[in-house]
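Listing of my_file_36.txt, compact mmCIF, C-alpha atoms
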# COMPACT_ATOMS: atom_id res chain seq x y z
CA MET A 258 0.00 0.00 0.00
CA ARG A 259 2.80 2.40 0.91
CA ALA A 260 4.55 1.73 -2.37
CA ALA A 261 1.37 2.53 -4.32
CA VAL A 262 0.92 5.80 -2.42
CA ARG A 263 4.58 6.67 -3.01
CA ARG A 264 4.20 6.01 -6.75
CA LEU A 265 1.03 8.10 -6.89
CA ARG A 266 2.68 10.99 -5.04
CA LYS A 267 5.68 10.85 -7.37
CA ARG A 268 3.43 10.71 -10.43
CA LEU A 269 1.34 13.67 -9.31
CA GLY A 270 4.18 15.97 -8.31
CA ARG A 271 3.53 19.42 -6.88
CA ARG A 272 1.35 20.67 -9.71
CA GLY A 273 -0.62 17.45 -9.85
CA HIS A 274 -1.37 17.57 -6.13
CA PHE A 275 -2.69 21.10 -6.56
CA LEU A 276 -4.83 20.15 -9.55
CA LEU A 277 -6.18 17.06 -7.81
CA LEU A 278 -7.26 19.00 -4.72
CA LEU A 279 -8.69 21.81 -6.83
CA GLY A 280 -10.56 19.42 -9.11
CA ILE A 281 -12.13 17.51 -6.25
CA GLY A 282 -13.09 20.79 -4.58
CA LYS A 283 -14.69 22.23 -7.70
CA SER A 284 -16.64 19.04 -8.32
CA CYS A 285 -17.90 19.03 -4.73
CA TRP A 286 -18.81 22.72 -4.95
CA GLY A 287 -20.87 22.00 -8.06
CA ALA A 288 -22.51 19.00 -6.40
CA GLY A 289 -23.50 21.33 -3.58
CA PHE A 290 -25.29 23.54 -6.11
CA LEU A 291 -27.21 20.48 -7.31
CA ILE A 292 -28.16 19.21 -3.86
CA ASP A 293 -28.87 22.52 -2.13
CA PRO A 294 -28.69 25.52 -4.48
CA PRO A 295 -27.85 28.82 -2.79
CA ALA A 296 -29.93 31.98 -3.03
CA PRO A 297 -29.40 33.43 -6.50
CA GLU A 298 -28.61 36.93 -5.19
CA GLY A 299 -26.01 38.52 -7.42
CA LEU A 300 -26.20 35.75 -9.99
CA ARG A 301 -28.99 37.15 -12.17
CA LEU A 302 -26.64 37.26 -15.16
CA LEU A 303 -26.21 33.48 -14.83
CA THR A 304 -29.80 32.61 -13.95
CA HIS A 305 -30.92 34.53 -17.03
CA TRP A 306 -29.22 31.83 -19.13
CA GLY A 307 -30.01 28.81 -16.97
CA SER A 308 -30.85 27.66 -13.47
CA LEU A 309 -28.19 27.22 -10.83
CA HIS A 310 -28.64 23.48 -11.35
CA HIS A 311 -27.37 23.96 -14.90
CA TRP A 312 -24.49 26.13 -13.74
CA ALA A 313 -23.58 23.47 -11.18
CA TRP A 314 -22.55 21.26 -14.09
CA LEU A 315 -20.01 23.90 -15.13
CA TRP A 316 -18.31 23.48 -11.75
CA ILE A 317 -18.55 19.69 -11.90
CA GLY A 318 -17.32 19.40 -15.49
CA CYS A 319 -14.42 21.77 -14.96
CA GLY A 320 -13.63 19.97 -11.71
CA LEU A 321 -13.45 16.63 -13.50
CA ILE A 322 -11.19 18.05 -16.22
CA THR A 323 -8.96 19.56 -13.54
CA THR A 324 -8.86 16.25 -11.64
CA VAL A 325 -7.93 14.23 -14.73
CA SER A 326 -5.26 16.79 -15.68
CA ALA A 327 -3.57 16.18 -12.33
CA PHE A 328 -2.34 12.86 -13.71
CA LEU A 329 -0.84 14.33 -16.87
CA ARG A 330 2.78 15.36 -17.31
CA VAL A 331 3.83 18.93 -16.70
CA GLY A 332 3.23 20.84 -19.89
CA ARG A 333 0.23 18.71 -20.74
CA ASP A 334 -1.64 19.69 -17.59
CA TRP A 335 -2.54 23.12 -19.00
CA ALA A 336 -6.18 22.10 -19.64
CA GLY A 337 -6.62 21.53 -15.92
CA PHE A 338 -5.50 25.04 -15.11
CA ILE A 339 -7.74 26.52 -17.83
CA ALA A 340 -10.71 24.46 -16.63
CA ALA A 341 -10.04 25.49 -13.03
CA LEU A 342 -10.15 29.16 -14.05
CA ILE A 343 -13.50 29.06 -15.84
CA PRO A 344 -16.07 28.72 -13.01
CA PRO A 345 -14.62 31.34 -10.63
CA THR A 346 -14.11 33.74 -13.52
CA VAL A 347 -17.73 33.30 -14.61
CA TRP A 348 -18.94 33.84 -11.04
CA ALA A 349 -16.73 36.94 -10.63
CA ILE A 350 -18.17 38.39 -13.85
CA ALA A 351 -21.72 37.68 -12.69
CA TYR A 352 -21.17 39.34 -9.32
CA THR A 353 -19.44 42.33 -10.93
CA ALA A 354 -22.37 42.74 -13.32
CA ALA A 355 -24.74 42.65 -10.36
CA VAL A 356 -22.79 45.46 -8.69
CA VAL A 357 -22.65 47.58 -11.85
CA SER A 358 -26.40 47.16 -12.41
CA GLY A 359 -27.13 48.00 -8.77
CA GLN A 360 -28.79 44.65 -8.06
CA TYR A 361 -26.31 43.34 -5.48
CA ASN A 362 -23.86 45.83 -3.97
CA ARG A 363 -22.21 43.20 -1.77
CA GLY A 364 -21.24 41.37 -4.96
CA ILE A 365 -18.06 43.44 -5.33
CA TYR A 366 -16.58 41.69 -2.30
CA VAL A 367 -17.57 38.28 -3.59
CA ALA A 368 -16.15 39.11 -7.04
CA ILE A 369 -12.85 40.24 -5.51
CA TRP A 370 -12.78 37.07 -3.39
CA TYR A 371 -13.21 34.88 -6.49
CA LEU A 372 -10.61 36.87 -8.42
CA THR A 373 -7.99 36.71 -5.68
CA SER A 374 -8.45 33.46 -3.77
CA HIS A 375 -9.45 31.46 -6.83
CA VAL A 376 -8.31 33.01 -10.11
CA GLY A 377 -5.15 34.58 -8.68
CA VAL A 378 -4.06 31.43 -6.88
CA ILE A 379 -4.72 29.24 -9.94
CA VAL A 380 -2.77 31.58 -12.24
CA TRP A 381 0.11 31.63 -9.74
CA ALA A 382 0.10 27.84 -9.34
CA SER A 383 0.17 27.36 -13.10
CA THR A 384 3.54 29.15 -13.20
CA VAL A 385 5.14 27.12 -10.41
CA PRO A 386 7.73 24.74 -11.83
CA GLU A 387 7.38 21.09 -10.95
CA HIS A 388 10.89 20.99 -9.53
CA SER A 389 12.83 24.01 -8.43
CA VAL A 390 16.48 23.95 -7.60
CA PRO A 391 17.52 26.13 -4.66
CA HIS A 392 20.02 28.90 -5.28
CA VAL A 393 23.58 27.66 -4.83
CA PRO A 394 25.83 30.02 -2.83
CA ARG A 395 28.74 31.45 -4.81
CA SER A 396 31.33 29.80 -2.54
CA ALA A 397 29.82 26.36 -3.16
CA ARG A 398 29.97 26.88 -6.92
CA ARG A 399 33.72 27.51 -6.68
CA GLY A 400 34.30 24.30 -4.76
CA ARG A 401 34.68 25.88 -1.32
CA ALA A 402 32.64 25.09 1.77
CA ALA A 403 29.77 27.45 2.51

Just give me the structure of the file as structure tokens.
Amino acid sequence: MRAAVRRLRKRLGRRGHFLLLLGIGKSCWGAGFLIDPPAPEGLRLLTHWGSLHHWAWLWIGCGLITTVSAFLRVGRDWAGFIAALIPPTVWAIAYTAAVVSGQYNRGIYVAIWYLTSHVGVIVWASTVPEHSVPHVPRSARRGRAA
């Protein structure tokens, strides 16, 4: 069992771990919309095009793509990062539109939350290299002790 876990951890790497957690979280968030949809305050732009049950599938679908991408090699995992960006970006746009139209003034805080804690973190994580080598002190490069 330990060997299987070790192989899985090695296969996932840092980026894969992030994508796996994010994908599971997005899928669960979408499932929550299916089971117990929240009040649609601030989401009129979305509910104009479909019910929150329909929009839940956006979270679930993007979550599944993100989860599957966790198992791909670095460089091929880009679809997971793109899929992870879609739902929070859509929600941030909806809340911003609600603020601009005067329908939901509190939406600006929710939009900023989605843009920073979701979109910002995902964009940052997509730039993190799988393996980073620490800076080597100059004395060590010349063959002397640090």

Surrounding residues of Trp335 of chain A excluding itself and chain neighbours under 6 positions, 10 Å, all atoms listed in the file, as a PyMOL selection string
chain A and resi 323+326-327+329+341+383

Produce a table with one row for each residue of segment 267-331 of chain A that has an atom at most 12 Å from any atom of segment 361-365 of chain A, each row naming the nearest atom pair and its distance in Å at one decimal; use all atoms listed in the file; arrange rows by chain and rising residue number; format as a tab-separated table.
residue	atom	partner	partner_atom	distance
A:Pro297	CA	A:Tyr361	CA	10.4
A:Glu298	CA	A:Tyr361	CA	6.8
A:Gly299	CA	A:Tyr361	CA	5.2
A:Leu300	CA	A:Tyr361	CA	8.8
A:Arg301	CA	A:Tyr361	CA	9.5
A:Leu302	CA	A:Tyr361	CA	11.4

Kindly save the residues from that selection, with C-alpha atoms included, as a compact mmCIF listing (two decimals), in the frame of the given file.
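Result file is part-v1.txt:
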# COMPACT_ATOMS: atom_id res chain seq x y z
CA PRO A 297 -29.40 33.43 -6.50
CA GLU A 298 -28.61 36.93 -5.19
CA GLY A 299 -26.01 38.52 -7.42
CA LEU A 300 -26.20 35.75 -9.99
CA ARG A 301 -28.99 37.15 -12.17
CA LEU A 302 -26.64 37.26 -15.16

Can you tell me, as a ChimeraX atom specification, what residues are no more than 10 Å from segment 316-320 of chain A when counting all atoms listed in the file, ignoring any on the same chain fewer than 5 positions away?
/A:276-291,311,325-326,336-345

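Between atom CA of Arg330 of chain A and atom CA of Ala313 of chain A lies a distance of 28.3 Å.
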
Nearest to Ser308 of chain A, chosen from A:Arg268, A:Arg333, A:Leu321, A:Pro294, with all atoms listed in the file counted in the distances:
A:Pro294

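Atom CA of Thr353 of chain A sits 13.8 Å away from atom CA of Thr373 of chain A.
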
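Closest approach to Val367 of chain A from the set A:Phe328, A:Lys267, A:Ala351, A:Ile322 is made by A:Ala351, with distances taken over all atoms listed in the file.
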
Figure out the distance between atom CA of Val356 of chain A and atom CA of Leu372 of chain A, please, to one decimal in Å.
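The value is 14.9 Å.
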
Using all atoms listed in the file, find the one residue out of A:Ser374, A:Thr384, A:Ser358, A:Thr304 that sits nearest to Arg272 of chain A.
A:Thr384

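In this comparison, which uses all atoms listed in the file, the residue of A:Ile292, A:Gln360, A:Thr324, A:Ala355 approaching Leu269 of chain A most closely is A:Thr324.
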
Between A:Ala260, A:Ala349, A:Ala382, A:Val357, which has the minimum distance to Trp370 of chain A (counting only C-alpha atoms)?
A:Ala349

With distances taken over only C-alpha atoms, which residue among A:Leu309, A:Ile350, A:Arg264, A:Asp334 lies nearest Ala368 of chain A?
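Result for the nearest residue to Ala368 of chain A: A:Ile350.
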
Could I get segment 282-389 of chain A from the block written out with C-alpha atoms, as a PDB file, in the first residue's frame?
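That gives us result-v2.pdb:
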ATOM      1  CA  GLY A 282     -13.087  20.788  -4.576  1.00  0.00           C
ATOM      2  CA  LYS A 283     -14.694  22.228  -7.704  1.00  0.00           C
ATOM      3  CA  SER A 284     -16.645  19.041  -8.321  1.00  0.00           C
ATOM      4  CA  CYS A 285     -17.900  19.028  -4.731  1.00  0.00           C
ATOM      5  CA  TRP A 286     -18.810  22.720  -4.946  1.00  0.00           C
ATOM      6  CA  GLY A 287     -20.866  21.998  -8.060  1.00  0.00           C
ATOM      7  CA  ALA A 288     -22.513  18.997  -6.403  1.00  0.00           C
ATOM      8  CA  GLY A 289     -23.497  21.329  -3.579  1.00  0.00           C
ATOM      9  CA  PHE A 290     -25.289  23.539  -6.110  1.00  0.00           C
ATOM     10  CA  LEU A 291     -27.211  20.483  -7.310  1.00  0.00           C
ATOM     11  CA  ILE A 292     -28.157  19.211  -3.864  1.00  0.00           C
ATOM     12  CA  ASP A 293     -28.865  22.524  -2.126  1.00  0.00           C
ATOM     13  CA  PRO A 294     -28.685  25.519  -4.483  1.00  0.00           C
ATOM     14  CA  PRO A 295     -27.854  28.825  -2.791  1.00  0.00           C
ATOM     15  CA  ALA A 296     -29.932  31.985  -3.028  1.00  0.00           C
ATOM     16  CA  PRO A 297     -29.398  33.434  -6.503  1.00  0.00           C
ATOM     17  CA  GLU A 298     -28.609  36.929  -5.188  1.00  0.00           C
ATOM     18  CA  GLY A 299     -26.013  38.523  -7.417  1.00  0.00           C
ATOM     19  CA  LEU A 300     -26.202  35.753  -9.988  1.00  0.00           C
ATOM     20  CA  ARG A 301     -28.985  37.145 -12.167  1.00  0.00           C
ATOM     21  CA  LEU A 302     -26.640  37.257 -15.159  1.00  0.00           C
ATOM     22  CA  LEU A 303     -26.208  33.483 -14.825  1.00  0.00           C
ATOM     23  CA  THR A 304     -29.800  32.609 -13.955  1.00  0.00           C
ATOM     24  CA  HIS A 305     -30.918  34.532 -17.030  1.00  0.00           C
ATOM     25  CA  TRP A 306     -29.223  31.829 -19.128  1.00  0.00           C
ATOM     26  CA  GLY A 307     -30.006  28.812 -16.970  1.00  0.00           C
ATOM     27  CA  SER A 308     -30.850  27.658 -13.472  1.00  0.00           C
ATOM     28  CA  LEU A 309     -28.191  27.218 -10.826  1.00  0.00           C
ATOM     29  CA  HIS A 310     -28.635  23.478 -11.345  1.00  0.00           C
ATOM     30  CA  HIS A 311     -27.368  23.960 -14.904  1.00  0.00           C
ATOM     31  CA  TRP A 312     -24.486  26.126 -13.739  1.00  0.00           C
ATOM     32  CA  ALA A 313     -23.575  23.467 -11.178  1.00  0.00           C
ATOM     33  CA  TRP A 314     -22.550  21.260 -14.089  1.00  0.00           C
ATOM     34  CA  LEU A 315     -20.015  23.897 -15.134  1.00  0.00           C
ATOM     35  CA  TRP A 316     -18.310  23.480 -11.754  1.00  0.00           C
ATOM     36  CA  ILE A 317     -18.554  19.695 -11.904  1.00  0.00           C
ATOM     37  CA  GLY A 318     -17.324  19.402 -15.494  1.00  0.00           C
ATOM     38  CA  CYS A 319     -14.418  21.765 -14.955  1.00  0.00           C
ATOM     39  CA  GLY A 320     -13.628  19.971 -11.709  1.00  0.00           C
ATOM     40  CA  LEU A 321     -13.453  16.632 -13.499  1.00  0.00           C
ATOM     41  CA  ILE A 322     -11.187  18.052 -16.222  1.00  0.00           C
ATOM     42  CA  THR A 323      -8.965  19.555 -13.537  1.00  0.00           C
ATOM     43  CA  THR A 324      -8.859  16.251 -11.639  1.00  0.00           C
ATOM     44  CA  VAL A 325      -7.929  14.230 -14.731  1.00  0.00           C
ATOM     45  CA  SER A 326      -5.265  16.794 -15.678  1.00  0.00           C
ATOM     46  CA  ALA A 327      -3.575  16.180 -12.329  1.00  0.00           C
ATOM     47  CA  PHE A 328      -2.337  12.861 -13.710  1.00  0.00           C
ATOM     48  CA  LEU A 329      -0.836  14.330 -16.875  1.00  0.00           C
ATOM     49  CA  ARG A 330       2.785  15.358 -17.305  1.00  0.00           C
ATOM     50  CA  VAL A 331       3.831  18.933 -16.699  1.00  0.00           C
ATOM     51  CA  GLY A 332       3.226  20.844 -19.890  1.00  0.00           C
ATOM     52  CA  ARG A 333       0.233  18.705 -20.736  1.00  0.00           C
ATOM     53  CA  ASP A 334      -1.637  19.693 -17.590  1.00  0.00           C
ATOM     54  CA  TRP A 335      -2.544  23.119 -18.998  1.00  0.00           C
ATOM     55  CA  ALA A 336      -6.176  22.097 -19.642  1.00  0.00           C
ATOM     56  CA  GLY A 337      -6.619  21.526 -15.921  1.00  0.00           C
ATOM     57  CA  PHE A 338      -5.495  25.038 -15.114  1.00  0.00           C
ATOM     58  CA  ILE A 339      -7.743  26.521 -17.826  1.00  0.00           C
ATOM     59  CA  ALA A 340     -10.714  24.456 -16.628  1.00  0.00           C
ATOM     60  CA  ALA A 341     -10.037  25.490 -13.034  1.00  0.00           C
ATOM     61  CA  LEU A 342     -10.150  29.164 -14.050  1.00  0.00           C
ATOM     62  CA  ILE A 343     -13.496  29.059 -15.840  1.00  0.00           C
ATOM     63  CA  PRO A 344     -16.069  28.724 -13.012  1.00  0.00           C
ATOM     64  CA  PRO A 345     -14.621  31.339 -10.630  1.00  0.00           C
ATOM     65  CA  THR A 346     -14.109  33.740 -13.521  1.00  0.00           C
ATOM     66  CA  VAL A 347     -17.730  33.303 -14.614  1.00  0.00           C
ATOM     67  CA  TRP A 348     -18.943  33.837 -11.045  1.00  0.00           C
ATOM     68  CA  ALA A 349     -16.735  36.938 -10.631  1.00  0.00           C
ATOM     69  CA  ILE A 350     -18.167  38.394 -13.851  1.00  0.00           C
ATOM     70  CA  ALA A 351     -21.720  37.679 -12.688  1.00  0.00           C
ATOM     71  CA  TYR A 352     -21.169  39.344  -9.316  1.00  0.00           C
ATOM     72  CA  THR A 353     -19.437  42.333 -10.930  1.00  0.00           C
ATOM     73  CA  ALA A 354     -22.371  42.737 -13.323  1.00  0.00           C
ATOM     74  CA  ALA A 355     -24.744  42.648 -10.356  1.00  0.00           C
ATOM     75  CA  VAL A 356     -22.790  45.463  -8.687  1.00  0.00           C
ATOM     76  CA  VAL A 357     -22.653  47.580 -11.849  1.00  0.00           C
ATOM     77  CA  SER A 358     -26.398  47.157 -12.408  1.00  0.00           C
ATOM     78  CA  GLY A 359     -27.128  48.005  -8.766  1.00  0.00           C
ATOM     79  CA  GLN A 360     -28.792  44.650  -8.055  1.00  0.00           C
ATOM     80  CA  TYR A 361     -26.314  43.344  -5.480  1.00  0.00           C
ATOM     81  CA  ASN A 362     -23.860  45.828  -3.975  1.00  0.00           C
ATOM     82  CA  ARG A 363     -22.210  43.199  -1.772  1.00  0.00           C
ATOM     83  CA  GLY A 364     -21.242  41.374  -4.956  1.00  0.00           C
ATOM     84  CA  ILE A 365     -18.063  43.439  -5.330  1.00  0.00           C
ATOM     85  CA  TYR A 366     -16.584  41.695  -2.301  1.00  0.00           C
ATOM     86  CA  VAL A 367     -17.574  38.277  -3.591  1.00  0.00           C
ATOM     87  CA  ALA A 368     -16.153  39.106  -7.039  1.00  0.00           C
ATOM     88  CA  ILE A 369     -12.851  40.237  -5.508  1.00  0.00           C
ATOM     89  CA  TRP A 370     -12.782  37.073  -3.394  1.00  0.00           C
ATOM     90  CA  TYR A 371     -13.212  34.877  -6.487  1.00  0.00           C
ATOM     91  CA  LEU A 372     -10.613  36.872  -8.416  1.00  0.00           C
ATOM     92  CA  THR A 373      -7.988  36.708  -5.677  1.00  0.00           C
ATOM     93  CA  SER A 374      -8.448  33.456  -3.770  1.00  0.00           C
ATOM     94  CA  HIS A 375      -9.447  31.464  -6.833  1.00  0.00           C
ATOM     95  CA  VAL A 376      -8.308  33.006 -10.105  1.00  0.00           C
ATOM     96  CA  GLY A 377      -5.149  34.583  -8.679  1.00  0.00           C
ATOM     97  CA  VAL A 378      -4.061  31.428  -6.883  1.00  0.00           C
ATOM     98  CA  ILE A 379      -4.721  29.245  -9.940  1.00  0.00           C
ATOM     99  CA  VAL A 380      -2.766  31.577 -12.236  1.00  0.00           C
ATOM    100  CA  TRP A 381       0.114  31.632  -9.736  1.00  0.00           C
ATOM    101  CA  ALA A 382       0.103  27.837  -9.342  1.00  0.00           C
ATOM    102  CA  SER A 383       0.171  27.359 -13.100  1.00  0.00           C
ATOM    103  CA  THR A 384       3.539  29.154 -13.198  1.00  0.00           C
ATOM    104  CA  VAL A 385       5.142  27.117 -10.411  1.00  0.00           C
ATOM    105  CA  PRO A 386       7.727  24.740 -11.833  1.00  0.00           C
ATOM    106  CA  GLU A 387       7.383  21.094 -10.947  1.00  0.00           C
ATOM    107  CA  HIS A 388      10.891  20.992  -9.527  1.00  0.00           C
ATOM    108  CA  SER A 389      12.828  24.009  -8.427  1.00  0.00           C
TER     109      SER A 389
END
